[in-house]
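Structure file upload-v8.txt; described as compact mmCIF, C-alpha atoms and all ligand atoms.
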# COMPACT_ATOMS: atom_id res chain seq x y z
CA MET A 1 41.82 50.21 -15.88
CA THR A 2 44.30 47.83 -14.20
CA SER A 3 43.99 44.03 -14.21
CA ASN A 4 42.75 44.37 -10.63
CA GLU A 5 39.59 46.15 -11.70
CA ALA A 6 36.37 44.67 -13.00
CA PRO A 7 35.51 45.34 -16.61
CA GLY A 8 33.41 48.50 -16.58
CA ALA A 9 35.09 49.75 -13.40
CA ASP A 10 35.07 53.23 -14.89
CA ASP A 11 31.26 53.04 -14.94
CA GLY A 12 30.97 52.65 -11.19
CA ALA A 13 31.73 48.93 -10.97
CA SER A 14 33.60 47.75 -7.88
CA LYS A 15 37.17 46.55 -7.62
CA VAL A 16 37.68 42.80 -7.76
CA GLY A 17 40.01 41.23 -5.22
CA PRO A 18 40.45 40.56 -1.53
CA LEU A 19 38.75 42.97 0.83
CA PRO A 20 41.10 45.03 3.03
CA PHE A 21 40.99 44.24 6.75
CA ASP A 22 39.37 47.40 8.14
CA VAL A 23 37.92 47.33 11.64
CA THR A 24 36.78 50.96 11.42
CA LYS A 25 34.07 50.10 8.87
CA ALA A 26 31.29 47.58 9.35
CA HIS A 27 31.85 44.46 7.24
CA GLN A 28 29.05 42.25 5.97
CA ALA A 29 30.67 39.01 7.24
CA ARG A 30 31.25 40.38 10.77
CA MET A 31 27.84 42.06 11.02
CA TYR A 32 26.19 38.78 10.02
CA ASP A 33 28.25 37.00 12.69
CA TYR A 34 26.90 39.47 15.27
CA TYR A 35 23.31 39.00 14.03
CA LEU A 36 23.74 35.25 14.51
CA GLY A 37 25.11 35.72 18.05
CA GLY A 38 28.81 35.11 17.19
CA LYS A 39 31.93 36.69 18.70
CA ASP A 40 34.01 37.43 15.59
CA ASN A 41 33.01 41.07 15.19
CA TYR A 42 34.27 44.55 16.13
CA ALA A 43 32.76 47.72 17.63
CA ALA A 44 32.04 49.21 14.16
CA ASP A 45 30.14 46.05 13.15
CA ARG A 46 28.10 45.98 16.37
CA ALA A 47 27.31 49.71 16.16
CA ALA A 48 26.07 49.31 12.57
CA VAL A 49 23.90 46.32 13.49
CA ASP A 50 22.47 48.13 16.52
CA GLU A 51 21.54 51.11 14.30
CA HIS A 52 20.00 48.83 11.69
CA ILE A 53 17.90 47.06 14.30
CA LYS A 54 16.62 50.37 15.69
CA ILE A 55 15.20 51.14 12.24
CA TYR A 56 14.13 47.62 11.36
CA PRO A 57 13.89 45.20 14.33
CA ASP A 58 12.98 42.23 12.09
CA LEU A 59 16.51 42.15 10.65
CA VAL A 60 17.52 39.79 13.45
CA PHE A 61 14.70 37.45 12.47
CA THR A 62 15.64 37.83 8.78
CA MET A 63 19.31 36.94 9.26
CA ARG A 64 18.52 33.93 11.41
CA ALA A 65 15.81 32.78 9.00
CA ASN A 66 18.36 33.15 6.19
CA ARG A 67 20.84 30.91 7.99
CA ALA A 68 18.09 28.37 8.64
CA PHE A 69 17.20 28.45 4.92
CA LEU A 70 20.83 27.63 4.08
CA GLY A 71 20.61 24.56 6.32
CA ARG A 72 17.30 23.36 4.85
CA ALA A 73 18.44 23.97 1.27
CA VAL A 74 21.70 22.02 1.74
CA ARG A 75 19.82 19.23 3.50
CA TYR A 76 17.33 19.06 0.62
CA LEU A 77 20.16 19.03 -1.94
CA ALA A 78 22.06 16.23 -0.19
CA GLU A 79 19.10 14.15 0.96
CA GLU A 80 16.44 14.53 -1.74
CA ALA A 81 18.35 15.73 -4.80
CA GLY A 82 21.33 13.39 -4.21
CA ILE A 83 23.93 16.15 -4.64
CA ARG A 84 27.45 15.33 -3.46
CA GLN A 85 29.36 18.41 -4.63
CA PHE A 86 28.84 21.96 -3.38
CA LEU A 87 30.32 25.31 -4.40
CA ASP A 88 29.43 27.67 -1.54
CA ILE A 89 30.27 31.27 -2.48
CA GLY A 90 29.91 33.95 0.21
CA THR A 91 30.57 31.45 2.98
CA GLY A 92 30.68 33.84 5.93
CA ILE A 93 32.48 33.33 9.22
CA PRO A 94 32.15 29.65 10.20
CA THR A 95 29.28 29.03 12.61
CA ALA A 96 26.91 26.22 13.50
CA GLY A 97 25.60 24.27 10.51
CA ASN A 98 28.25 25.05 7.90
CA THR A 99 27.47 23.60 4.47
CA HIS A 100 29.88 20.64 4.73
CA GLU A 101 28.56 19.70 8.18
CA VAL A 102 24.96 19.59 6.95
CA ALA A 103 25.84 17.76 3.71
CA GLN A 104 28.29 15.29 5.26
CA ALA A 105 25.85 14.41 8.06
CA ILE A 106 23.68 12.99 5.25
CA ALA A 107 26.37 11.89 2.79
CA PRO A 108 29.88 11.77 4.34
CA GLU A 109 31.48 11.59 0.88
CA SER A 110 30.24 15.12 0.03
CA ARG A 111 32.82 17.56 -1.30
CA VAL A 112 32.47 21.25 -0.52
CA VAL A 113 34.44 24.20 -1.89
CA TYR A 114 33.99 27.43 0.07
CA VAL A 115 34.69 30.90 -1.36
CA ASP A 116 34.76 34.28 0.39
CA TYR A 117 36.83 37.45 -0.05
CA ASP A 118 36.83 38.77 3.51
CA PRO A 119 40.13 38.32 5.41
CA ILE A 120 38.26 37.48 8.62
CA VAL A 121 36.64 34.48 6.92
CA LEU A 122 40.06 33.39 5.64
CA ALA A 123 41.42 33.69 9.19
CA HIS A 124 38.76 31.27 10.44
CA ALA A 125 38.81 28.98 7.40
CA ARG A 126 40.43 26.12 9.32
CA ALA A 127 37.01 25.39 10.86
CA LEU A 128 35.71 24.78 7.33
CA LEU A 129 38.42 22.27 6.53
CA ASP A 130 37.47 19.66 9.16
CA SER A 131 35.95 17.39 6.55
CA SER A 132 34.75 13.86 7.15
CA GLU A 133 37.34 11.34 6.00
CA ALA A 134 35.17 10.12 3.16
CA GLY A 135 34.60 13.62 1.80
CA ALA A 136 36.70 16.73 1.34
CA THR A 137 36.52 20.50 1.76
CA GLU A 138 38.57 23.38 0.36
CA TYR A 139 38.61 27.12 0.92
CA ILE A 140 39.30 29.68 -1.83
CA ASP A 141 40.06 33.30 -0.93
CA ALA A 142 38.45 35.00 -3.95
CA ASP A 143 35.92 37.55 -5.09
CA LEU A 144 32.65 36.26 -6.58
CA ARG A 145 33.26 38.52 -9.58
CA ASP A 146 36.44 36.58 -10.38
CA THR A 147 34.61 33.52 -11.71
CA GLY A 148 37.67 32.38 -13.71
CA THR A 149 39.78 31.93 -10.57
CA ILE A 150 36.91 30.37 -8.63
CA LEU A 151 36.08 27.79 -11.31
CA SER A 152 39.65 26.82 -12.07
CA ARG A 153 40.60 26.40 -8.40
CA ALA A 154 37.32 24.63 -7.51
CA ALA A 155 38.07 22.09 -10.26
CA ASP A 156 40.91 20.75 -8.08
CA LEU A 157 38.27 19.28 -5.77
CA LEU A 158 35.01 19.19 -7.73
CA ASP A 159 34.30 17.10 -10.83
CA PHE A 160 32.50 19.49 -13.16
CA THR A 161 31.21 16.63 -15.32
CA LYS A 162 28.94 15.65 -12.41
CA PRO A 163 26.16 17.75 -10.79
CA VAL A 164 27.24 20.54 -8.46
CA ALA A 165 25.08 22.71 -6.19
CA ILE A 166 26.11 26.37 -6.39
CA THR A 167 24.98 28.20 -3.27
CA LEU A 168 24.92 32.01 -3.30
CA ILE A 169 23.23 32.63 0.04
CA SER A 170 22.97 36.30 1.01
CA ILE A 171 25.76 37.51 -1.28
CA LEU A 172 24.35 38.69 -4.62
CA HIS A 173 22.95 41.92 -3.15
CA ALA A 174 26.61 42.84 -2.51
CA ILE A 175 27.18 42.83 -6.28
CA PRO A 176 26.01 46.09 -7.90
CA ASP A 177 24.35 46.09 -11.33
CA ALA A 178 27.51 47.69 -12.76
CA ASP A 179 29.32 44.39 -12.06
CA ASP A 180 26.65 42.45 -14.00
CA PRO A 181 25.62 39.85 -11.40
CA TYR A 182 23.43 38.08 -14.00
CA SER A 183 26.42 37.25 -16.18
CA ILE A 184 28.39 36.13 -13.09
CA VAL A 185 25.65 33.64 -12.19
CA ALA A 186 25.31 32.56 -15.85
CA LYS A 187 29.07 31.85 -16.04
CA LEU A 188 28.87 29.69 -12.92
CA LEU A 189 25.82 27.81 -14.23
CA ASP A 190 27.49 27.31 -17.63
CA ALA A 191 30.34 25.49 -15.89
CA VAL A 192 28.12 22.78 -14.37
CA PRO A 193 26.14 20.03 -16.09
CA SER A 194 22.40 19.59 -16.38
CA GLY A 195 20.96 18.30 -13.09
CA SER A 196 23.10 20.76 -11.09
CA TYR A 197 21.40 23.17 -8.68
CA LEU A 198 21.47 26.87 -7.86
CA ALA A 199 20.39 28.16 -4.42
CA ILE A 200 20.09 31.90 -3.76
CA SER A 201 18.82 34.18 -1.03
CA HIS A 202 18.67 37.92 -1.66
CA VAL A 203 17.41 41.16 -0.07
CA GLY A 204 13.94 41.88 -1.49
CA SER A 205 13.36 45.49 -2.50
CA GLU A 206 9.59 45.35 -2.10
CA LEU A 207 9.80 43.75 1.35
CA TYR A 208 10.72 47.02 3.08
CA GLN A 209 8.77 50.22 3.52
CA THR A 210 10.29 53.23 1.76
CA GLU A 211 11.30 55.04 4.99
CA THR A 212 12.87 51.89 6.43
CA ARG A 213 14.87 51.36 3.27
CA GLN A 214 16.03 54.99 3.22
CA GLY A 215 17.09 54.75 6.88
CA LEU A 216 19.11 51.59 6.21
CA GLU A 217 20.78 53.13 3.16
CA ASP A 218 21.78 56.22 5.17
CA ILE A 219 23.53 53.96 7.67
CA ALA A 220 25.37 52.15 4.88
CA ASP A 221 26.56 55.53 3.56
CA ARG A 222 28.12 56.36 6.88
CA MET A 223 29.27 53.07 8.25
CA ALA A 224 29.37 50.07 6.00
CA GLN A 225 31.80 48.25 3.74
CA GLN A 226 29.37 48.44 0.83
CA HIS A 227 25.90 49.36 -0.31
CA PHE A 228 23.50 46.57 -1.01
CA THR A 229 21.63 46.49 -4.29
CA TRP A 230 18.03 45.79 -3.41
CA ARG A 231 16.29 43.61 -6.01
CA SER A 232 12.65 42.80 -6.59
CA ARG A 233 11.16 39.31 -6.67
CA GLU A 234 11.18 39.49 -10.46
CA GLN A 235 14.84 40.56 -10.55
CA VAL A 236 15.81 37.71 -8.20
CA ALA A 237 13.84 35.25 -10.37
CA ARG A 238 15.97 36.27 -13.38
CA PHE A 239 19.04 34.67 -11.74
CA PHE A 240 17.31 31.30 -12.18
CA GLU A 241 17.03 31.47 -15.97
CA GLY A 242 17.76 28.01 -17.40
CA THR A 243 16.63 26.21 -14.24
CA ASP A 244 13.34 24.77 -12.97
CA LEU A 245 12.48 25.97 -9.48
CA VAL A 246 12.00 23.34 -6.82
CA ASP A 247 8.75 23.62 -4.82
CA PRO A 248 7.64 25.99 -3.32
CA GLY A 249 9.38 28.27 -5.86
CA LEU A 250 10.59 31.77 -5.04
CA VAL A 251 9.41 32.73 -1.54
CA ARG A 252 10.65 34.44 1.61
CA VAL A 253 13.43 32.51 3.38
CA GLU A 254 11.22 31.33 6.25
CA GLU A 255 8.63 30.00 3.76
CA TRP A 256 10.97 27.65 1.86
CA ARG A 257 10.11 24.12 3.05
CA PRO A 258 9.82 25.19 6.71
CA ALA A 259 10.64 22.51 9.24
CA ALA A 260 7.73 23.23 11.54
CA SER A 261 4.94 25.77 11.70
CA THR A 262 4.73 28.64 9.24
CA ALA A 263 3.57 31.08 11.93
CA ASP A 264 6.51 33.34 11.05
CA ALA A 265 5.77 33.46 7.32
CA GLN A 266 5.82 36.89 5.63
CA ARG A 267 8.12 38.37 8.23
CA SER A 268 11.63 38.33 6.74
CA SER A 269 12.87 40.62 3.98
CA PHE A 270 14.87 38.06 1.95
CA TRP A 271 13.68 36.20 -1.15
CA CYS A 272 15.07 32.75 -1.86
CA ALA A 273 14.74 29.80 -4.22
CA VAL A 274 16.46 26.63 -5.36
CA GLY A 275 16.55 25.79 -9.08
CA ARG A 276 17.60 22.65 -10.99
CA LYS A 277 19.57 23.27 -14.20
CA ARG A 278 17.77 21.93 -17.28
C1 LIG A 301 25.83 37.60 5.05
S1 LIG A 301 27.22 36.59 4.79
C2 LIG A 301 26.43 35.06 4.33
C3 LIG A 301 27.08 33.81 4.87
C4 LIG A 301 26.37 32.51 4.48
N1 LIG A 301 26.30 32.37 3.03
C5 LIG A 301 24.98 32.46 5.04
O1 LIG A 301 24.03 32.87 4.33
O2 LIG A 301 24.79 32.04 6.18
C6 LIG A 301 27.78 37.13 3.19
C7 LIG A 301 29.22 36.76 2.87
O3 LIG A 301 29.48 37.09 1.50
C8 LIG A 301 30.81 37.59 1.43
N2 LIG A 301 30.93 38.40 0.21
C9 LIG A 301 30.31 39.58 -0.08
N3 LIG A 301 30.70 40.03 -1.29
C10 LIG A 301 31.57 39.10 -1.78
C11 LIG A 301 32.31 38.99 -3.00
N4 LIG A 301 32.22 39.91 -3.94
N5 LIG A 301 33.11 37.90 -3.16
C12 LIG A 301 33.21 36.94 -2.20
N6 LIG A 301 32.53 37.00 -1.02
C13 LIG A 301 31.73 38.06 -0.82
C14 LIG A 301 30.98 38.39 2.69
O4 LIG A 301 32.35 38.57 3.00
C15 LIG A 301 30.23 37.53 3.70
O5 LIG A 301 31.09 36.62 4.34
Just dump the structure as C-alpha cells.
Ligand SMILES: C[S@@+](CC[C@H](N)C(=O)[O-])C[C@H]1O[C@@H](n2cnc3c(N)ncnc32)[C@H](O)[C@@H]1O
Amino acid sequence: MTSNEAPGADDGASKVGPLPFDVTKAHQARMYDYYLGGKDNYAADRAAVDEHIKIYPDLVFTMRANRAFLGRAVRYLAEEAGIRQFLDIGTGIPTAGNTHEVAQAIAPESRVVYVDYDPIVLAHARALLDSSEAGATEYIDADLRDTGTILSRAADLLDFTKPVAITLISILHAIPDADDPYSIVAKLLDAVPSGSYLAISHVGSELYQTETRQGLEDIADRMAQQHFTWRSREQVARFFEGTDLVDPGLVRVEEWRPAASTADAQRSSFWCAVGRKR
C-alpha cells in the first residue's frame, strides 16, 4: 500500500486523492450540474443523466430538492442556530445559492471553507471565493477521506474552539463501506466543540424499487466515475451518533422544514437531517 492509498485499500477501499480529469466517464459533480440546469458538463455526463432519468424520472426532482435542502439547512444554521462557521465538504460546481451566499446574506461575517476533490470544481473555485468583506471563504482541493489534511487546512480560516457546521450534502454515498464513512464523520465531529452541527443528505436504499435500483447500478457499471453505496434510513441515522436531531428529524429532503406546501413530500429518494453535537 502506498501513502496515496486509504488504509484497507487492499480490501476494496478506494484511493484517496484528487480525481483525474476524465471527460469520457460521467462525474458526479458534472452530472449534478446538468441535473440542476448548469453548463459545466460533458457529453458523457449528459448521456449518463439521460439514461438515469429514463429509468427513474424523479431523479431530477430529487437533485433539485437536495439543492433546496442545502439552502434551507444553511439558512436555518445561520439564522436560527447562530452558526458563523461552515465546513462544506462535497461542494460541487458553484451554482445559485452556494453556502457562503446563503450564510452571508444572513450574517455577513460568516466564514466558509469549501472542500471537493474534483478538478472541475477546483477550476470554478474562484466563484466560491467572492466572500463578503466582513466574512471569508476558502477552497481546499482534497478528498473527504483525507480528514487530516482537511482539518489542518480548514483551521487556517475556522476557529475550532467555536461551533462549526459540517455540511456533507450528497457526498457520503460516494464513500464505500470499505473506506469506513462512519469513522470519517466521527473524526470530523471530534474536531468541533459541543453546539456544532452536522448536516447530511444521502441516497436512501429503501426509497427505490429493486428494478429501478438495479437499472441505475448497471448504468454506473458502464458509465460512471464511481458506484454509490445506498444506505437505509437507519444507516444514515448512525452518522448522527453524538448529536440531537433538529426537528423534523431524519426525513426526505423535500420534507425538511419545507418553505411552502408539502405537496411534493415522499417523492425524492434522498434522506437528510441536521444534528446538534451534544
Ligand atoms: C452531488 S454533488 C453535491 C454538491 C452540493 N453539496 C449540493 O448538495 O448541492 C457531490 C460532490 O461531492 C464531491 N465528492 C464526491 N466524493 C468526494 C470525495 N471523496 N472527496 C471530496 N469530494 C467528493 C463530488 O466531486 C461532487 O462535487
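What separates CA of His100 in chain A from CA of Ala155 in chain A is a distance of 17.1 Å.
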Per residue of chain A within 6 Å of ligand LIG 301 (chain A), what are the shortest atom pair and its distance in Å to one decimal, counting all atoms listed in the file, with rows by chain and residue number, as JSON lines?
{"residue": "A:Gln28", "atom": "CA", "partner": "A:LIG301", "partner_atom": "C15", "distance": 5.4}
{"residue": "A:Ala29", "atom": "CA", "partner": "A:LIG301", "partner_atom": "O5", "distance": 3.8}
{"residue": "A:Tyr32", "atom": "CA", "partner": "A:LIG301", "partner_atom": "C1", "distance": 5.1}
{"residue": "A:Asn66", "atom": "CA", "partner": "A:LIG301", "partner_atom": "O1", "distance": 6.0}
{"residue": "A:Arg67", "atom": "CA", "partner": "A:LIG301", "partner_atom": "O2", "distance": 4.5}
{"residue": "A:Gly90", "atom": "CA", "partner": "A:LIG301", "partner_atom": "O3", "distance": 3.4}
{"residue": "A:Thr91", "atom": "CA", "partner": "A:LIG301", "partner_atom": "N1", "distance": 4.4}
{"residue": "A:Gly92", "atom": "CA", "partner": "A:LIG301", "partner_atom": "O5", "distance": 3.2}
{"residue": "A:Asp116", "atom": "CA", "partner": "A:LIG301", "partner_atom": "N6", "distance": 3.8}
{"residue": "A:Tyr117", "atom": "CA", "partner": "A:LIG301", "partner_atom": "C12", "distance": 4.2}
{"residue": "A:Asp118", "atom": "CA", "partner": "A:LIG301", "partner_atom": "O4", "distance": 4.5}
{"residue": "A:Ala142", "atom": "CA", "partner": "A:LIG301", "partner_atom": "C12", "distance": 5.9}
{"residue": "A:Asp143", "atom": "CA", "partner": "A:LIG301", "partner_atom": "N5", "distance": 3.4}
{"residue": "A:Leu144", "atom": "CA", "partner": "A:LIG301", "partner_atom": "N5", "distance": 3.8}
{"residue": "A:Arg145", "atom": "CA", "partner": "A:LIG301", "partner_atom": "N4", "distance": 5.9}
{"residue": "A:Ile169", "atom": "CA", "partner": "A:LIG301", "partner_atom": "N1", "distance": 4.3}
{"residue": "A:Ser170", "atom": "CA", "partner": "A:LIG301", "partner_atom": "O1", "distance": 4.9}
{"residue": "A:Ile171", "atom": "CA", "partner": "A:LIG301", "partner_atom": "O3", "distance": 4.7}
{"residue": "A:Ala174", "atom": "CA", "partner": "A:LIG301", "partner_atom": "N3", "distance": 5.1}
Output the selection as a short mmCIF file (atom, residue, chain, number, x, y, z; two decimals), in the coordinates of the input - C-alpha atoms for each residue.
data_model
loop_
_atom_site.label_atom_id
_atom_site.label_comp_id
_atom_site.auth_asym_id
_atom_site.auth_seq_id
_atom_site.Cartn_x
_atom_site.Cartn_y
_atom_site.Cartn_z
CA GLN A 28 29.05 42.25 5.97
CA ALA A 29 30.67 39.01 7.24
CA TYR A 32 26.19 38.78 10.02
CA ASN A 66 18.36 33.15 6.19
CA ARG A 67 20.84 30.91 7.99
CA GLY A 90 29.91 33.95 0.21
CA THR A 91 30.57 31.45 2.98
CA GLY A 92 30.68 33.84 5.93
CA ASP A 116 34.76 34.28 0.39
CA TYR A 117 36.83 37.45 -0.05
CA ASP A 118 36.83 38.77 3.51
CA ALA A 142 38.45 35.00 -3.95
CA ASP A 143 35.92 37.55 -5.09
CA LEU A 144 32.65 36.26 -6.58
CA ARG A 145 33.26 38.52 -9.58
CA ILE A 169 23.23 32.63 0.04
CA SER A 170 22.97 36.30 1.01
CA ILE A 171 25.76 37.51 -1.28
CA ALA A 174 26.61 42.84 -2.51
#
A:Arg111, A:Arg72, A:Arg46, A:Arg257: which is nearest His27 in chain A, counting all atoms listed in the file?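 For His27 in chain A, the nearest of the given residues is A:Arg46.
Of the listed residues A:Phe61, A:Pro119, A:Ile53, A:Tyr76, the one whose atoms come nearest to Arg30 in chain A is A:Pro119, with distances taken using all atoms listed in the file.
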Using all atoms listed in the file, which of A:Leu158, A:Ala105, A:Ala224, A:Ile55 sits nearest Asp88 in chain A?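 Using all atoms listed in the file, Asp88 in chain A sits closest to A:Leu158.
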Sorted by chain and rising residue number, list the residues of range 61-141 of chain A at most 9 Å from range 37-40 of chain A (counting all atoms listed in the file), each with its closest atom pair and distance in Å to one decimal, as a Markdown table.
| residue | atom | partner | partner_atom | distance |
| --- | --- | --- | --- | --- |
| A:Ile93 | CA | A:Asp40 | CA | 7.7 |
| A:Thr95 | CA | A:Gly38 | CA | 7.6 |
| A:Ile120 | CA | A:Asp40 | CA | 8.2 |
Padding of 8 Å on every side, edges along x, y and z, all listed atoms of range 139-157 of chain A included: what centre and edge lengths in Å, to one decimal, does that box have, as AutoDock Vina command-line options?
--center_x 36.8 --center_y 28.9 --center_z -6.4 --size_x 24.3 --size_y 35.2 --size_z 30.6
In Å, with one decimal, what is the gap from CA of Ala237 in chain A to CA of Lys187 in chain A?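 These atoms are spaced 16.6 Å apart.
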Option closest in space to Val246 in chain A, from A:Asp221, A:Glu101, A:Glu80, A:Asp179 [counting all atoms listed in the file]: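 Distance minimum relative to Val246 in chain A lands on A:Glu80.
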Got a sec: who's within 9 Å of Gly242 in chain A, counting all atoms listed in the file, leaving out chain neighbours fewer than 3 positions off, as a PyMOL selection string? chain A and resi 186+189+239+275-278
Shell of 8 Å around Ala154 in chain A, only C-alpha atoms, local chain residues under 3 positions omitted, as a list in words: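 Counting only the stated atoms, we get Leu87, Val113, Ile140, Ile150, Leu151, Leu157 and Leu158 of chain A.
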What lies within 8 Å of Leu36 in chain A using all atoms listed in the file, ignoring chain neighbours under 5 positions off, as an mmCIF file with C-alpha atoms, in the coordinates of the input?
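Written file, result-v5.cif:
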data_model
loop_
_atom_site.group_PDB
_atom_site.id
_atom_site.type_symbol
_atom_site.label_atom_id
_atom_site.label_comp_id
_atom_site.auth_asym_id
_atom_site.auth_seq_id
_atom_site.Cartn_x
_atom_site.Cartn_y
_atom_site.Cartn_z
ATOM 1 C CA VAL A 60 17.520 39.790 13.450
ATOM 2 C CA MET A 63 19.310 36.940 9.260
ATOM 3 C CA ARG A 64 18.520 33.930 11.410
#
Selected residue, from A:Tyr139, A:Phe240, A:Tyr34, A:Phe21, that lies nearest to Asp156 in chain A when counting only C-alpha atoms: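 When distances to Asp156 in chain A are compared using only C-alpha atoms, the smallest one comes from A:Tyr139.
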From the options A:Gly17, A:Gln266, A:Gln226, A:Gly215, which residue's atoms come nearest to Asp141 in chain A, counting only C-alpha atoms? A:Gly17
Using Å and a single decimal, report how far CA of Leu188 in chain A sits from CA of Asp146 in chain A.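 Taking CA of Asp146 in chain A as the start and CA of Leu188 in chain A as the end point, the length is 10.5 Å.
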List the residues sitting within 12 Å of (9.1, 28.6, 9.6) in the file's frame, using only C-alpha atoms, as a list in words.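 In the file's frame, the residues around the point are Phe61, Thr62, Arg64, Ala65, Asn66, Ala68, Phe69, Arg72, Val251, Arg252, Val253, Glu254, Glu255, Trp256, Arg257, Pro258, Ala259, Ala260, Ser261, Thr262, Ala263, Asp264, Ala265, Gln266, Arg267 and Ser268 of chain A.
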Those residues you just picked out, can you put them in a file as a PDB file, keeping the file's coordinate frame with C-alpha atoms?
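To be explicit, this is the file written out as result-v9.pdb:
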ATOM      1  CA  PHE A  61      14.700  37.450  12.470  1.00  0.00           C
ATOM      2  CA  THR A  62      15.640  37.830   8.780  1.00  0.00           C
ATOM      3  CA  ARG A  64      18.520  33.930  11.410  1.00  0.00           C
ATOM      4  CA  ALA A  65      15.810  32.780   9.000  1.00  0.00           C
ATOM      5  CA  ASN A  66      18.360  33.150   6.190  1.00  0.00           C
ATOM      6  CA  ALA A  68      18.090  28.370   8.640  1.00  0.00           C
ATOM      7  CA  PHE A  69      17.200  28.450   4.920  1.00  0.00           C
ATOM      8  CA  ARG A  72      17.300  23.360   4.850  1.00  0.00           C
ATOM      9  CA  VAL A 251       9.410  32.730  -1.540  1.00  0.00           C
ATOM     10  CA  ARG A 252      10.650  34.440   1.610  1.00  0.00           C
ATOM     11  CA  VAL A 253      13.430  32.510   3.380  1.00  0.00           C
ATOM     12  CA  GLU A 254      11.220  31.330   6.250  1.00  0.00           C
ATOM     13  CA  GLU A 255       8.630  30.000   3.760  1.00  0.00           C
ATOM     14  CA  TRP A 256      10.970  27.650   1.860  1.00  0.00           C
ATOM     15  CA  ARG A 257      10.110  24.120   3.050  1.00  0.00           C
ATOM     16  CA  PRO A 258       9.820  25.190   6.710  1.00  0.00           C
ATOM     17  CA  ALA A 259      10.640  22.510   9.240  1.00  0.00           C
ATOM     18  CA  ALA A 260       7.730  23.230  11.540  1.00  0.00           C
ATOM     19  CA  SER A 261       4.940  25.770  11.700  1.00  0.00           C
ATOM     20  CA  THR A 262       4.730  28.640   9.240  1.00  0.00           C
ATOM     21  CA  ALA A 263       3.570  31.080  11.930  1.00  0.00           C
ATOM     22  CA  ASP A 264       6.510  33.340  11.050  1.00  0.00           C
ATOM     23  CA  ALA A 265       5.770  33.460   7.320  1.00  0.00           C
ATOM     24  CA  GLN A 266       5.820  36.890   5.630  1.00  0.00           C
ATOM     25  CA  ARG A 267       8.120  38.370   8.230  1.00  0.00           C
ATOM     26  CA  SER A 268      11.630  38.330   6.740  1.00  0.00           C
TER      27      SER A 268
END
Please provide as a PDB file with C-alpha atoms, keeping the file's coordinate frame all residues within 9 Å of Phe160 in chain A, with the sequence filter that same-chain residues fewer than 6 positions apart are discarded (counting only C-alpha atoms).
ATOM      1  CA  ALA A 191      30.340  25.490 -15.890  1.00  0.00           C
ATOM      2  CA  VAL A 192      28.120  22.780 -14.370  1.00  0.00           C
ATOM      3  CA  PRO A 193      26.140  20.030 -16.090  1.00  0.00           C
TER       4      PRO A 193
END
